[in-house]
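Listing of final_19.txt, compact mmCIF, C-alpha atoms
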```txt
# COMPACT_ATOMS: atom_id res chain seq x y z
CA MET Y 29 38.04 -36.90 30.33
CA ALA Y 30 40.82 -34.60 29.18
CA LYS Y 31 38.74 -31.40 29.51
CA ILE Y 32 39.17 -29.85 32.93
CA ASP Y 33 35.92 -29.05 34.73
CA LEU Y 34 36.84 -25.58 35.98
CA SER Y 35 33.71 -25.42 38.17
CA ASN Y 36 35.08 -28.34 40.19
CA VAL Y 37 38.61 -27.01 40.73
CA PRO Y 38 38.83 -25.77 44.33
CA ARG Y 39 39.76 -22.13 44.83
CA LYS Y 40 42.68 -21.96 47.24
CA THR Y 41 43.84 -19.06 49.34
CA GLY Y 42 46.60 -18.66 51.88
CA SER Y 43 50.38 -18.58 51.67
CA GLY Y 44 53.30 -20.53 53.08
CA TYR Y 45 55.21 -17.28 53.66
CA PRO Y 46 56.11 -16.35 57.21
CA GLU Y 47 54.45 -13.17 58.48
CA PRO Y 48 54.16 -10.35 57.72
CA TYR Y 49 54.31 -11.54 54.10
CA ALA Y 50 51.57 -14.18 54.28
CA SER Y 51 48.97 -11.58 55.21
CA MET Y 52 49.96 -9.48 52.20
CA MET Y 53 48.65 -12.30 49.95
CA SER Y 54 45.06 -12.08 51.25
CA LYS Y 55 43.69 -10.78 47.94
CA ARG Y 56 45.25 -13.60 45.93
CA SER Y 57 43.75 -17.01 45.28
CA TYR Y 58 44.39 -19.70 42.71
CA LEU Y 59 43.03 -22.71 40.87
CA ARG Y 60 45.38 -25.66 40.39
CA LEU Y 61 44.34 -26.72 36.89
CA GLY Y 62 47.34 -28.96 36.21
CA ASP Y 63 46.77 -30.92 39.41
CA ALA Y 64 43.10 -31.29 38.48
CA GLY Y 65 44.16 -32.68 35.10
CA GLY Y 66 46.70 -35.13 36.51
CA LEU Y 67 49.83 -33.29 35.38
CA THR Y 68 53.03 -33.64 37.40
CA GLN Y 69 55.84 -32.17 35.26
CA PHE Y 70 54.74 -28.55 35.41
CA GLY Y 71 52.21 -26.55 37.35
CA ALA Y 72 49.35 -24.87 35.50
CA ASN Y 73 47.52 -22.53 37.84
CA ILE Y 74 45.08 -19.68 37.43
CA THR Y 75 46.00 -16.88 39.81
CA ILE Y 76 43.07 -14.65 40.78
CA LEU Y 77 43.88 -11.15 42.02
CA GLU Y 78 41.20 -9.03 43.62
CA PRO Y 79 41.55 -5.25 43.23
CA GLY Y 80 44.60 -4.24 45.24
CA GLY Y 81 45.95 -7.77 45.22
CA VAL Y 82 49.55 -8.88 44.73
CA SER Y 83 50.55 -12.26 43.31
CA SER Y 84 53.60 -12.96 45.48
CA MET Y 85 56.60 -11.31 47.00
CA ARG Y 86 58.91 -10.27 44.17
CA HIS Y 87 61.06 -13.35 43.42
CA TRP Y 88 63.11 -15.34 40.91
CA HIS Y 89 63.57 -19.08 40.48
CA VAL Y 90 66.97 -20.77 40.35
CA HIS Y 91 65.91 -23.97 38.55
CA GLU Y 92 62.38 -23.55 37.22
CA ASP Y 93 61.16 -21.77 34.09
CA GLU Y 94 57.95 -19.74 34.50
CA PHE Y 95 55.44 -18.50 31.92
CA VAL Y 96 52.41 -16.26 32.39
CA MET Y 97 49.43 -15.39 30.19
CA VAL Y 98 46.86 -12.86 31.40
CA THR Y 99 43.37 -14.26 30.86
CA GLN Y 100 41.15 -11.56 32.39
CA GLY Y 101 41.56 -7.89 33.24
CA ALA Y 102 44.91 -6.20 33.58
CA VAL Y 103 47.90 -6.49 35.91
CA VAL Y 104 51.14 -4.62 36.41
CA LEU Y 105 54.31 -6.68 36.13
CA VAL Y 106 57.03 -5.32 38.41
CA ASN Y 107 60.66 -6.36 38.03
CA ASP Y 108 64.11 -4.74 38.04
CA ASP Y 109 63.29 -3.08 34.71
CA GLY Y 110 60.33 -1.22 36.18
CA GLU Y 111 56.60 -1.62 35.63
CA THR Y 112 54.85 -3.09 32.58
CA GLU Y 113 51.10 -3.36 32.09
CA LEU Y 114 49.83 -6.71 30.87
CA ARG Y 115 46.28 -7.09 29.55
CA ALA Y 116 44.27 -10.17 28.63
CA GLY Y 117 46.23 -12.10 26.01
CA ASP Y 118 49.60 -10.63 26.98
CA CYS Y 119 52.35 -13.06 28.00
CA ALA Y 120 55.61 -12.96 29.91
CA ALA Y 121 58.44 -15.43 30.41
CA PHE Y 122 60.87 -15.83 33.29
CA PRO Y 123 63.70 -18.23 32.44
CA ALA Y 124 65.25 -20.15 35.34
CA GLY Y 125 68.30 -18.56 36.88
CA VAL Y 126 67.73 -15.01 35.64
CA GLU Y 127 68.24 -12.88 38.75
CA ASN Y 128 65.43 -10.41 38.10
CA GLY Y 129 62.63 -10.80 40.60
CA HIS Y 130 59.04 -10.26 39.48
CA HIS Y 131 55.51 -10.14 40.75
CA PHE Y 132 52.10 -8.90 39.59
CA LEU Y 133 49.82 -6.23 41.03
CA ASN Y 134 46.16 -5.58 40.34
CA ARG Y 135 45.71 -1.81 40.45
CA THR Y 136 42.31 -1.91 38.72
CA ASP Y 137 38.83 -1.99 40.23
CA ALA Y 138 38.05 -5.39 38.72
CA GLU Y 139 39.24 -8.93 39.31
CA ALA Y 140 42.24 -9.96 37.20
CA ARG Y 141 43.31 -13.48 36.33
CA PHE Y 142 46.38 -15.03 34.76
CA LEU Y 143 47.57 -18.50 33.89
CA VAL Y 144 50.94 -19.41 35.42
CA ILE Y 145 53.01 -22.32 34.14
CA GLY Y 146 56.05 -23.39 36.16
CA THR Y 147 58.28 -26.42 35.89
CA CYS Y 148 58.06 -28.86 38.80
CA ALA Y 149 61.73 -29.45 39.68
CA ALA Y 150 62.50 -32.00 42.42
CA THR Y 151 64.42 -29.33 44.30
CA GLU Y 152 64.11 -25.59 43.89
CA THR Y 153 65.49 -22.43 45.43
CA VAL Y 154 63.66 -19.12 45.21
CA TYR Y 155 65.13 -15.74 46.16
CA TYR Y 156 62.99 -12.77 47.13
CA SER Y 157 64.21 -9.48 45.74
CA ASP Y 158 62.87 -6.91 48.18
CA VAL Y 159 63.15 -8.73 51.51
CA ASP Y 160 65.77 -10.87 53.25
CA MET Y 161 64.10 -14.20 52.51
CA MET Y 162 64.67 -17.30 50.43
CA VAL Y 163 63.02 -20.71 50.26
CA VAL Y 164 64.46 -24.13 49.50
CA ASP Y 165 61.81 -26.51 48.23
CA VAL Y 166 62.42 -30.28 48.30
CA ASP Y 167 59.68 -32.54 46.97
CA GLY Y 168 57.08 -29.85 47.53
CA VAL Y 169 58.07 -28.97 51.10
CA GLY Y 170 59.46 -25.45 51.39
CA THR Y 171 61.75 -24.13 54.12
CA TYR Y 172 61.96 -20.34 54.44
CA THR Y 173 65.14 -18.76 55.79
CA ARG Y 174 67.12 -15.55 55.61
CA LYS Y 175 69.37 -15.35 52.54
CA ASP Y 176 72.37 -16.42 54.65
CA GLY Y 177 70.47 -19.58 55.62
CA SER Y 178 69.76 -18.45 59.19
CA PRO Y 179 66.32 -19.08 60.70
CA MET Y 180 63.53 -16.67 59.97
CA PRO Y 181 61.10 -15.67 62.72
CA GLY Y 182 57.70 -17.16 62.06
CA ALA Y 183 58.89 -19.59 59.38
CA GLN Y 184 57.69 -23.15 59.65
CA MET R 254 62.13 -7.51 29.17
CA ALA R 255 59.97 -10.32 30.50
CA LYS R 256 56.88 -9.33 28.50
CA ILE R 257 56.79 -11.16 25.18
CA ASP R 258 56.27 -8.92 22.16
CA LEU R 259 53.70 -11.02 20.35
CA SER R 260 53.94 -8.86 17.23
CA ASN R 261 57.56 -9.97 16.83
CA VAL R 262 57.01 -13.71 17.28
CA PRO R 263 57.25 -15.32 13.83
CA ARG R 264 54.22 -17.27 12.64
CA LYS R 265 55.38 -20.71 11.56
CA THR R 266 53.65 -23.16 9.27
CA GLY R 267 54.63 -26.56 7.96
CA SER R 268 54.97 -29.99 9.53
CA GLY R 269 57.70 -32.58 9.94
CA TYR R 270 55.19 -35.35 9.18
CA PRO R 271 55.80 -37.50 6.10
CA GLU R 272 53.13 -37.18 3.42
CA PRO R 273 50.22 -37.42 3.12
CA TYR R 274 49.99 -36.16 6.71
CA ALA R 275 52.09 -33.01 6.34
CA SER R 276 49.69 -31.57 3.77
CA MET R 277 46.78 -32.13 6.14
CA MET R 278 48.34 -29.51 8.48
CA SER R 279 48.13 -26.68 5.94
CA LYS R 280 45.51 -24.77 7.95
CA ARG R 281 47.57 -24.85 11.14
CA SER R 282 50.25 -22.40 12.18
CA TYR R 283 51.85 -21.52 15.48
CA LEU R 284 53.73 -18.94 17.51
CA ARG R 285 56.59 -20.19 19.68
CA LEU R 286 56.13 -17.91 22.69
CA GLY R 287 58.32 -19.88 25.08
CA ASP R 288 61.24 -19.81 22.65
CA ALA R 289 60.72 -16.06 22.20
CA GLY R 290 60.89 -15.66 25.98
CA GLY R 291 64.01 -17.77 26.43
CA LEU R 292 62.34 -20.79 28.03
CA THR R 293 63.85 -24.26 27.56
CA GLN R 294 62.08 -26.55 30.03
CA PHE R 295 58.65 -26.54 28.41
CA GLY R 296 57.19 -25.32 25.15
CA ALA R 297 54.58 -22.56 25.21
CA ASN R 298 53.06 -22.20 21.77
CA ILE R 299 49.95 -20.57 20.38
CA THR R 300 48.40 -22.86 17.78
CA ILE R 301 46.30 -21.03 15.18
CA LEU R 302 43.66 -23.05 13.34
CA GLU R 303 41.94 -21.63 10.29
CA PRO R 304 38.38 -22.81 9.62
CA GLY R 305 38.63 -26.48 8.69
CA GLY R 306 42.05 -26.81 10.28
CA VAL R 307 43.38 -29.68 12.37
CA SER R 308 46.07 -29.28 15.02
CA SER R 309 47.96 -32.56 14.45
CA MET R 310 47.42 -36.20 13.74
CA ARG R 311 45.73 -37.73 16.76
CA HIS R 312 48.56 -38.68 19.16
CA TRP R 313 49.72 -39.29 22.71
CA HIS R 314 53.07 -38.62 24.40
CA VAL R 315 55.03 -41.26 26.30
CA HIS R 316 57.16 -38.92 28.43
CA GLU R 317 55.79 -35.39 28.17
CA ASP R 318 52.82 -33.78 29.92
CA GLU R 319 50.67 -31.48 27.76
CA PHE R 320 48.23 -28.72 28.72
CA VAL R 321 45.92 -26.67 26.51
CA MET R 322 43.90 -23.50 27.06
CA VAL R 323 41.68 -22.16 24.29
CA THR R 324 42.29 -18.44 23.87
CA GLN R 325 40.07 -17.55 20.90
CA GLY R 326 37.07 -19.12 19.20
CA ALA R 327 36.11 -22.76 19.64
CA VAL R 328 37.67 -26.12 18.79
CA VAL R 329 36.58 -29.73 19.01
CA LEU R 330 38.80 -32.02 21.04
CA VAL R 331 38.77 -35.56 19.65
CA ASN R 332 40.09 -38.50 21.64
CA ASP R 333 39.08 -42.10 22.41
CA ASP R 334 36.20 -40.78 24.54
CA GLY R 335 34.62 -38.98 21.57
CA GLU R 336 34.28 -35.28 20.82
CA THR R 337 34.26 -32.39 23.28
CA GLU R 338 33.81 -28.73 22.41
CA LEU R 339 36.25 -26.32 24.02
CA ARG R 340 35.63 -22.58 23.96
CA ALA R 341 37.82 -19.65 24.93
CA GLY R 342 38.88 -20.15 28.55
CA ASP R 343 38.37 -23.92 28.52
CA CYS R 344 41.35 -26.11 29.38
CA ALA R 345 42.42 -29.71 28.88
CA ALA R 346 45.26 -31.82 30.24
CA PHE R 347 47.03 -34.82 28.73
CA PRO R 348 49.32 -36.54 31.25
CA ALA R 349 52.37 -38.33 29.85
CA GLY R 350 51.90 -42.01 29.14
CA VAL R 351 48.10 -42.04 28.97
CA GLU R 352 47.38 -43.99 25.78
CA ASN R 353 44.49 -41.86 24.57
CA GLY R 354 45.38 -39.93 21.44
CA HIS R 355 43.98 -36.44 20.94
CA HIS R 356 43.87 -33.60 18.48
CA PHE R 357 41.81 -30.46 17.86
CA LEU R 358 39.59 -29.49 14.93
CA ASN R 359 38.25 -26.10 13.98
CA ARG R 360 34.77 -26.68 12.58
CA THR R 361 33.74 -23.04 12.87
CA ASP R 362 33.90 -20.28 10.26
CA ALA R 363 36.35 -18.22 12.33
CA GLU R 364 39.98 -18.57 13.32
CA ALA R 365 40.56 -20.42 16.60
CA ARG R 366 43.62 -20.22 18.83
CA PHE R 367 44.85 -22.17 21.81
CA LEU R 368 47.89 -22.10 24.05
CA VAL R 369 49.76 -25.42 24.23
CA ILE R 370 52.23 -26.18 27.00
CA GLY R 371 54.38 -29.30 26.70
CA THR R 372 57.37 -30.48 28.66
CA CYS R 373 60.68 -30.52 26.77
CA ALA R 374 62.03 -33.99 27.55
CA ALA R 375 65.50 -34.87 26.21
CA THR R 376 64.00 -37.88 24.46
CA GLU R 377 60.38 -38.44 23.59
CA THR R 378 58.24 -41.00 21.78
CA VAL R 379 54.87 -40.10 20.29
CA TYR R 380 52.33 -42.62 18.99
CA TYR R 381 49.68 -41.71 16.44
CA SER R 382 46.31 -43.27 17.12
CA ASP R 383 44.69 -43.44 13.70
CA VAL R 384 47.63 -44.24 11.43
CA ASP R 385 50.61 -46.60 11.53
CA MET R 386 53.15 -43.98 12.56
CA MET R 387 55.30 -43.07 15.53
CA VAL R 388 58.13 -40.63 16.11
CA VAL R 389 61.19 -40.83 18.34
CA ASP R 390 62.53 -37.41 19.20
CA VAL R 391 66.09 -37.02 20.49
CA ASP R 392 67.29 -33.51 21.34
CA GLY R 393 64.67 -31.98 19.08
CA VAL R 394 65.33 -34.19 16.05
CA GLY R 395 62.40 -36.47 15.26
CA THR R 396 62.53 -39.72 13.28
CA TYR R 397 59.22 -41.00 11.94
CA THR R 398 58.70 -44.74 11.46
CA ARG R 399 55.98 -47.35 11.36
CA LYS R 400 54.94 -48.53 14.83
CA ASP R 401 57.12 -51.66 14.42
CA GLY R 402 60.12 -49.38 13.81
CA SER R 403 60.33 -50.08 10.09
CA PRO R 404 60.99 -47.21 7.66
CA MET R 405 58.13 -45.05 6.55
CA PRO R 406 57.90 -43.89 2.93
CA GLY R 407 58.57 -40.18 2.71
CA ALA R 408 59.94 -39.88 6.24
CA GLN R 409 63.15 -37.90 6.66
```

Let me see whether you can do it: turn the structure in this file into structure tokens.
Amino acid sequence: MAKIDLSNVPRKTGSGYPEPYASMMSKRSYLRLGDAGGLTQFGANITILEPGGVSSMRHWHVHEDEFVMVTQGAVVLVNDDGETELRAGDCAAFPAGVENGHHFLNRTDAEARFLVIGTCAATETVYYSDVDMMVVDVDGVGTYTRKDGSPMPGAQ
Amino acid sequence: MAKIDLSNVPRKTGSGYPEPYASMMSKRSYLRLGDAGGLTQFGANITILEPGGVSSMRHWHVHEDEFVMVTQGAVVLVNDDGETELRAGDCAAFPAGVENGHHFLNRTDAEARFLVIGTCAATETVYYSDVDMMVVDVDGVGTYTRKDGSPMPGAQ
């Protein structure tokens, strides 16, 4: 069956970030729709932001394209250009290698949701714009370090 | 600017299919959002189906994953398993290499729209389930033939 049974897609919470950043993601959860549908070449996830929630630390991808479509409510996109409100139906694109970190905030009183598509590269490096952190991801296993590659307290 | 200005994305019509199949796509158009946002690793298109419209000939991809989310109205997904109605918010996934051709019909009286994500592989082969046609796509240039590779009348 090609249709994805959304009621059976588990809602995940938690973050692989070292603290204190992991705890900042407590109002974010997600549904891995692409995994549920057997896709392997790109991720297709619904991110759910409770009021006050943030989608991630502000970041940019070295190798992977990213695309977002808001599906419910409204979020604020923050990047080097400032803040931009996105409402249901609005879209944004983040080409690989563009050094302009982004994330999404829910400043409303209602839940917001957006679809996130991201290429699944075999290896990936992500830089975080506002903190001294990066992650190198190899076959789905991420290693967080400082931007000079030195160990990061609390990283696994 | 990461936000995509949907009002500036050109609405495309037409089909690369040989006749009589190209004319069957006259009630389908699309917006290439990923191209507008500078993405190259996957396509992110809004397909717009007028009442009575069909999204494509029924097909499956050898190398490219495909993901669909209905964003407006309702469509009927047709594949080897039969017919499935998808309404706004419903999603479907079509992993590469699964030999189960699909397409979407708009049997309602209102416009329907869905977001389609598909990997951009350097080379791709697509088989059409209901007619003796296939296409080999190399760097974005598709060549339509019969399934035995012989020329197809009207193909470019």

Checklist line | Residues of chain Y within 10 Å of chain R, only C-alpha atoms counted, as a ChimeraX atom specification | finding: /Y:29-34,61-72,91-97,99-100,105-110,112-114,116-124,128,130,143,145-148

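In this structure, atom CA of Lys265 of chain R sits 28.4 Å away from atom CA of Ala102 of chain Y.
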
Item checked: Long-range neighbours of Val103 of chain Y as a list in words, 8 Å cut-off, all atoms listed in the file, 3 positions minimum in chain -> Val98, Glu113, Leu114, Arg115, Phe132, Leu133, Asn134, Arg135, Thr136 and Ala140 of chain Y

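Here atom CA of His314 of chain R stands at a distance of 17.3 Å from atom CA of Ser268 of chain R.
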
Chain R post-superposition (all in-order Cα pairs with chain Y) as an mmCIF file with C-alpha atoms, in the coordinates of the input:
```cif
data_model
loop_
_atom_site.group_PDB
_atom_site.id
_atom_site.type_symbol
_atom_site.label_atom_id
_atom_site.label_comp_id
_atom_site.auth_asym_id
_atom_site.auth_seq_id
_atom_site.Cartn_x
_atom_site.Cartn_y
_atom_site.Cartn_z
ATOM 1 C CA MET R 254 38.034 -36.894 30.335
ATOM 2 C CA ALA R 255 40.813 -34.584 29.205
ATOM 3 C CA LYS R 256 38.736 -31.403 29.510
ATOM 4 C CA ILE R 257 39.167 -29.845 32.941
ATOM 5 C CA ASP R 258 35.916 -29.039 34.725
ATOM 6 C CA LEU R 259 36.817 -25.591 35.986
ATOM 7 C CA SER R 260 33.706 -25.431 38.166
ATOM 8 C CA ASN R 261 35.072 -28.344 40.201
ATOM 9 C CA VAL R 262 38.598 -27.005 40.724
ATOM 10 C CA PRO R 263 38.824 -25.769 44.325
ATOM 11 C CA ARG R 264 39.756 -22.124 44.825
ATOM 12 C CA LYS R 265 42.671 -21.971 47.239
ATOM 13 C CA THR R 266 43.830 -19.059 49.339
ATOM 14 C CA GLY R 267 46.598 -18.682 51.876
ATOM 15 C CA SER R 268 50.377 -18.578 51.654
ATOM 16 C CA GLY R 269 53.282 -20.535 53.090
ATOM 17 C CA TYR R 270 55.197 -17.285 53.653
ATOM 18 C CA PRO R 271 56.108 -16.359 57.230
ATOM 19 C CA GLU R 272 54.451 -13.184 58.490
ATOM 20 C CA PRO R 273 54.160 -10.362 57.740
ATOM 21 C CA TYR R 274 54.309 -11.559 54.124
ATOM 22 C CA ALA R 275 51.567 -14.191 54.287
ATOM 23 C CA SER R 276 48.960 -11.588 55.215
ATOM 24 C CA MET R 277 49.957 -9.486 52.217
ATOM 25 C CA MET R 278 48.637 -12.302 49.958
ATOM 26 C CA SER R 279 45.065 -12.078 51.260
ATOM 27 C CA LYS R 280 43.701 -10.774 47.944
ATOM 28 C CA ARG R 281 45.244 -13.605 45.936
ATOM 29 C CA SER R 282 43.749 -17.013 45.288
ATOM 30 C CA TYR R 283 44.389 -19.704 42.723
ATOM 31 C CA LEU R 284 43.034 -22.709 40.868
ATOM 32 C CA ARG R 285 45.382 -25.663 40.406
ATOM 33 C CA LEU R 286 44.346 -26.739 36.907
ATOM 34 C CA GLY R 287 47.344 -28.959 36.218
ATOM 35 C CA ASP R 288 46.776 -30.924 39.419
ATOM 36 C CA ALA R 289 43.095 -31.283 38.494
ATOM 37 C CA GLY R 290 44.158 -32.682 35.119
ATOM 38 C CA GLY R 291 46.690 -35.133 36.522
ATOM 39 C CA LEU R 292 49.829 -33.300 35.401
ATOM 40 C CA THR R 293 53.046 -33.645 37.419
ATOM 41 C CA GLN R 294 55.825 -32.171 35.278
ATOM 42 C CA PHE R 295 54.743 -28.538 35.417
ATOM 43 C CA GLY R 296 52.209 -26.533 37.368
ATOM 44 C CA ALA R 297 49.340 -24.871 35.513
ATOM 45 C CA ASN R 298 47.521 -22.533 37.857
ATOM 46 C CA ILE R 299 45.081 -19.683 37.428
ATOM 47 C CA THR R 300 46.003 -16.884 39.820
ATOM 48 C CA ILE R 301 43.067 -14.648 40.769
ATOM 49 C CA LEU R 302 43.875 -11.147 42.006
ATOM 50 C CA GLU R 303 41.200 -9.018 43.615
ATOM 51 C CA PRO R 304 41.546 -5.243 43.229
ATOM 52 C CA GLY R 305 44.603 -4.241 45.241
ATOM 53 C CA GLY R 306 45.966 -7.773 45.220
ATOM 54 C CA VAL R 307 49.561 -8.879 44.743
ATOM 55 C CA SER R 308 50.549 -12.250 43.301
ATOM 56 C CA SER R 309 53.607 -12.962 45.491
ATOM 57 C CA MET R 310 56.610 -11.309 47.006
ATOM 58 C CA ARG R 311 58.907 -10.272 44.184
ATOM 59 C CA HIS R 312 61.060 -13.345 43.418
ATOM 60 C CA TRP R 313 63.101 -15.321 40.918
ATOM 61 C CA HIS R 314 63.574 -19.078 40.483
ATOM 62 C CA VAL R 315 66.973 -20.765 40.339
ATOM 63 C CA HIS R 316 65.910 -23.968 38.561
ATOM 64 C CA GLU R 317 62.385 -23.548 37.218
ATOM 65 C CA ASP R 318 61.152 -21.767 34.091
ATOM 66 C CA GLU R 319 57.942 -19.739 34.494
ATOM 67 C CA PHE R 320 55.431 -18.505 31.912
ATOM 68 C CA VAL R 321 52.410 -16.251 32.375
ATOM 69 C CA MET R 322 49.428 -15.385 30.186
ATOM 70 C CA VAL R 323 46.862 -12.861 31.387
ATOM 71 C CA THR R 324 43.375 -14.258 30.866
ATOM 72 C CA GLN R 325 41.148 -11.557 32.378
ATOM 73 C CA GLY R 326 41.545 -7.885 33.223
ATOM 74 C CA ALA R 327 44.919 -6.193 33.571
ATOM 75 C CA VAL R 328 47.900 -6.497 35.908
ATOM 76 C CA VAL R 329 51.147 -4.627 36.392
ATOM 77 C CA LEU R 330 54.309 -6.683 36.126
ATOM 78 C CA VAL R 331 57.037 -5.318 38.398
ATOM 79 C CA ASN R 332 60.657 -6.367 38.027
ATOM 80 C CA ASP R 333 64.110 -4.739 38.055
ATOM 81 C CA ASP R 334 63.296 -3.081 34.714
ATOM 82 C CA GLY R 335 60.322 -1.202 36.191
ATOM 83 C CA GLU R 336 56.600 -1.624 35.612
ATOM 84 C CA THR R 337 54.860 -3.096 32.577
ATOM 85 C CA GLU R 338 51.115 -3.369 32.074
ATOM 86 C CA LEU R 339 49.836 -6.718 30.847
ATOM 87 C CA ARG R 340 46.296 -7.101 29.546
ATOM 88 C CA ALA R 341 44.267 -10.162 28.631
ATOM 89 C CA GLY R 342 46.219 -12.096 25.999
ATOM 90 C CA ASP R 343 49.599 -10.642 26.967
ATOM 91 C CA CYS R 344 52.338 -13.068 27.982
ATOM 92 C CA ALA R 345 55.603 -12.966 29.901
ATOM 93 C CA ALA R 346 58.435 -15.434 30.400
ATOM 94 C CA PHE R 347 60.870 -15.826 33.287
ATOM 95 C CA PRO R 348 63.701 -18.241 32.446
ATOM 96 C CA ALA R 349 65.241 -20.153 35.350
ATOM 97 C CA GLY R 350 68.290 -18.554 36.903
ATOM 98 C CA VAL R 351 67.733 -15.008 35.644
ATOM 99 C CA GLU R 352 68.237 -12.881 38.761
ATOM 100 C CA ASN R 353 65.435 -10.417 38.105
ATOM 101 C CA GLY R 354 62.621 -10.790 40.605
ATOM 102 C CA HIS R 355 59.039 -10.260 39.474
ATOM 103 C CA HIS R 356 55.501 -10.154 40.740
ATOM 104 C CA PHE R 357 52.106 -8.891 39.572
ATOM 105 C CA LEU R 358 49.820 -6.222 41.025
ATOM 106 C CA ASN R 359 46.171 -5.585 40.341
ATOM 107 C CA ARG R 360 45.705 -1.819 40.446
ATOM 108 C CA THR R 361 42.331 -1.905 38.714
ATOM 109 C CA ASP R 362 38.847 -1.981 40.236
ATOM 110 C CA ALA R 363 38.063 -5.387 38.714
ATOM 111 C CA GLU R 364 39.250 -8.926 39.305
ATOM 112 C CA ALA R 365 42.249 -9.967 37.197
ATOM 113 C CA ARG R 366 43.315 -13.498 36.322
ATOM 114 C CA PHE R 367 46.383 -15.019 34.750
ATOM 115 C CA LEU R 368 47.569 -18.502 33.897
ATOM 116 C CA VAL R 369 50.940 -19.412 35.434
ATOM 117 C CA ILE R 370 53.007 -22.316 34.152
ATOM 118 C CA GLY R 371 56.055 -23.389 36.154
ATOM 119 C CA THR R 372 58.277 -26.418 35.903
ATOM 120 C CA CYS R 373 58.064 -28.875 38.810
ATOM 121 C CA ALA R 374 61.725 -29.449 39.670
ATOM 122 C CA ALA R 375 62.509 -32.002 42.406
ATOM 123 C CA THR R 376 64.415 -29.318 44.286
ATOM 124 C CA GLU R 377 64.109 -25.589 43.867
ATOM 125 C CA THR R 378 65.492 -22.416 45.426
ATOM 126 C CA VAL R 379 63.649 -19.108 45.207
ATOM 127 C CA TYR R 380 65.131 -15.732 46.157
ATOM 128 C CA TYR R 381 62.983 -12.768 47.133
ATOM 129 C CA SER R 382 64.206 -9.476 45.748
ATOM 130 C CA ASP R 383 62.867 -6.915 48.196
ATOM 131 C CA VAL R 384 63.159 -8.721 51.526
ATOM 132 C CA ASP R 385 65.771 -10.874 53.259
ATOM 133 C CA MET R 386 64.098 -14.194 52.516
ATOM 134 C CA MET R 387 64.663 -17.298 50.438
ATOM 135 C CA VAL R 388 63.027 -20.702 50.252
ATOM 136 C CA VAL R 389 64.460 -24.130 49.496
ATOM 137 C CA ASP R 390 61.824 -26.505 48.214
ATOM 138 C CA VAL R 391 62.435 -30.262 48.293
ATOM 139 C CA ASP R 392 59.694 -32.529 46.940
ATOM 140 C CA GLY R 393 57.089 -29.841 47.487
ATOM 141 C CA VAL R 394 58.080 -28.960 51.057
ATOM 142 C CA GLY R 395 59.477 -25.443 51.342
ATOM 143 C CA THR R 396 61.741 -24.123 54.105
ATOM 144 C CA TYR R 397 61.964 -20.350 54.430
ATOM 145 C CA THR R 398 65.147 -18.759 55.781
ATOM 146 C CA ARG R 399 67.133 -15.556 55.637
ATOM 147 C CA LYS R 400 69.365 -15.341 52.557
ATOM 148 C CA ASP R 401 72.384 -16.407 54.670
ATOM 149 C CA GLY R 402 70.476 -19.567 55.641
ATOM 150 C CA SER R 403 69.762 -18.457 59.195
ATOM 151 C CA PRO R 404 66.314 -19.074 60.712
ATOM 152 C CA MET R 405 63.526 -16.676 59.971
ATOM 153 C CA PRO R 406 61.082 -15.674 62.715
ATOM 154 C CA GLY R 407 57.686 -17.185 62.044
ATOM 155 C CA ALA R 408 58.912 -19.583 59.366
ATOM 156 C CA GLN R 409 57.691 -23.169 59.601
#
```

Margin query: When you count all atoms listed in the file, which of these residues is closest to Thr151 of chain Y: Y:Val90, Y:Val126, Y:Arg174, Y:Ser83?
Written below: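 Under the stated criterion, the closest residue is Y:Val90.
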
Next item on the list: Find the spatial neighbours of Val159 of chain Y, counting only C-alpha atoms, within a cut-off of 10 Å - ignore same-chain residues fewer than 2 positions away - and output them as number ranges by chain.
Entry: Y: 49, 85-87, 155-157, 161-162, 174-175

Could you pull the residues within 9 Å of Pro46 of chain Y, counting only C-alpha atoms, minus those fewer than 3 positions along the same chain, as a PDB file with C-alpha atoms, keeping the file's coordinate frame?
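Generated output (selection_8.pdb):
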```
ATOM      1  CA  SER Y  43      50.380 -18.580  51.670  1.00  0.00           C
ATOM      2  CA  TYR Y  49      54.310 -11.540  54.100  1.00  0.00           C
ATOM      3  CA  ALA Y  50      51.570 -14.180  54.280  1.00  0.00           C
ATOM      4  CA  SER Y  51      48.970 -11.580  55.210  1.00  0.00           C
ATOM      5  CA  TYR Y 172      61.960 -20.340  54.440  1.00  0.00           C
ATOM      6  CA  MET Y 180      63.530 -16.670  59.970  1.00  0.00           C
ATOM      7  CA  PRO Y 181      61.100 -15.670  62.720  1.00  0.00           C
ATOM      8  CA  GLY Y 182      57.700 -17.160  62.060  1.00  0.00           C
ATOM      9  CA  ALA Y 183      58.890 -19.590  59.380  1.00  0.00           C
ATOM     10  CA  GLN Y 184      57.690 -23.150  59.650  1.00  0.00           C
TER      11      GLN Y 184
END
```

Item checked: Separation of atom CA of Trp313 of chain R from atom CA of Glu377 of chain R in Å ->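 Calculated distance between atom CA of Glu377 of chain R and atom CA of Trp313 of chain R is 10.7 Å.
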
Next item on the list: Would you list the contacts of Ser57 of chain Y as a VMD selection string, taking every protein, DNA or RNA residue within 12 Å and counting only C-alpha atoms, but skipping same-chain residues closer than 2 positions in sequence?
Entry: chain Y and resid 38 to 43 52 to 55 59 to 60 73 to 78 81 to 84 139 to 142
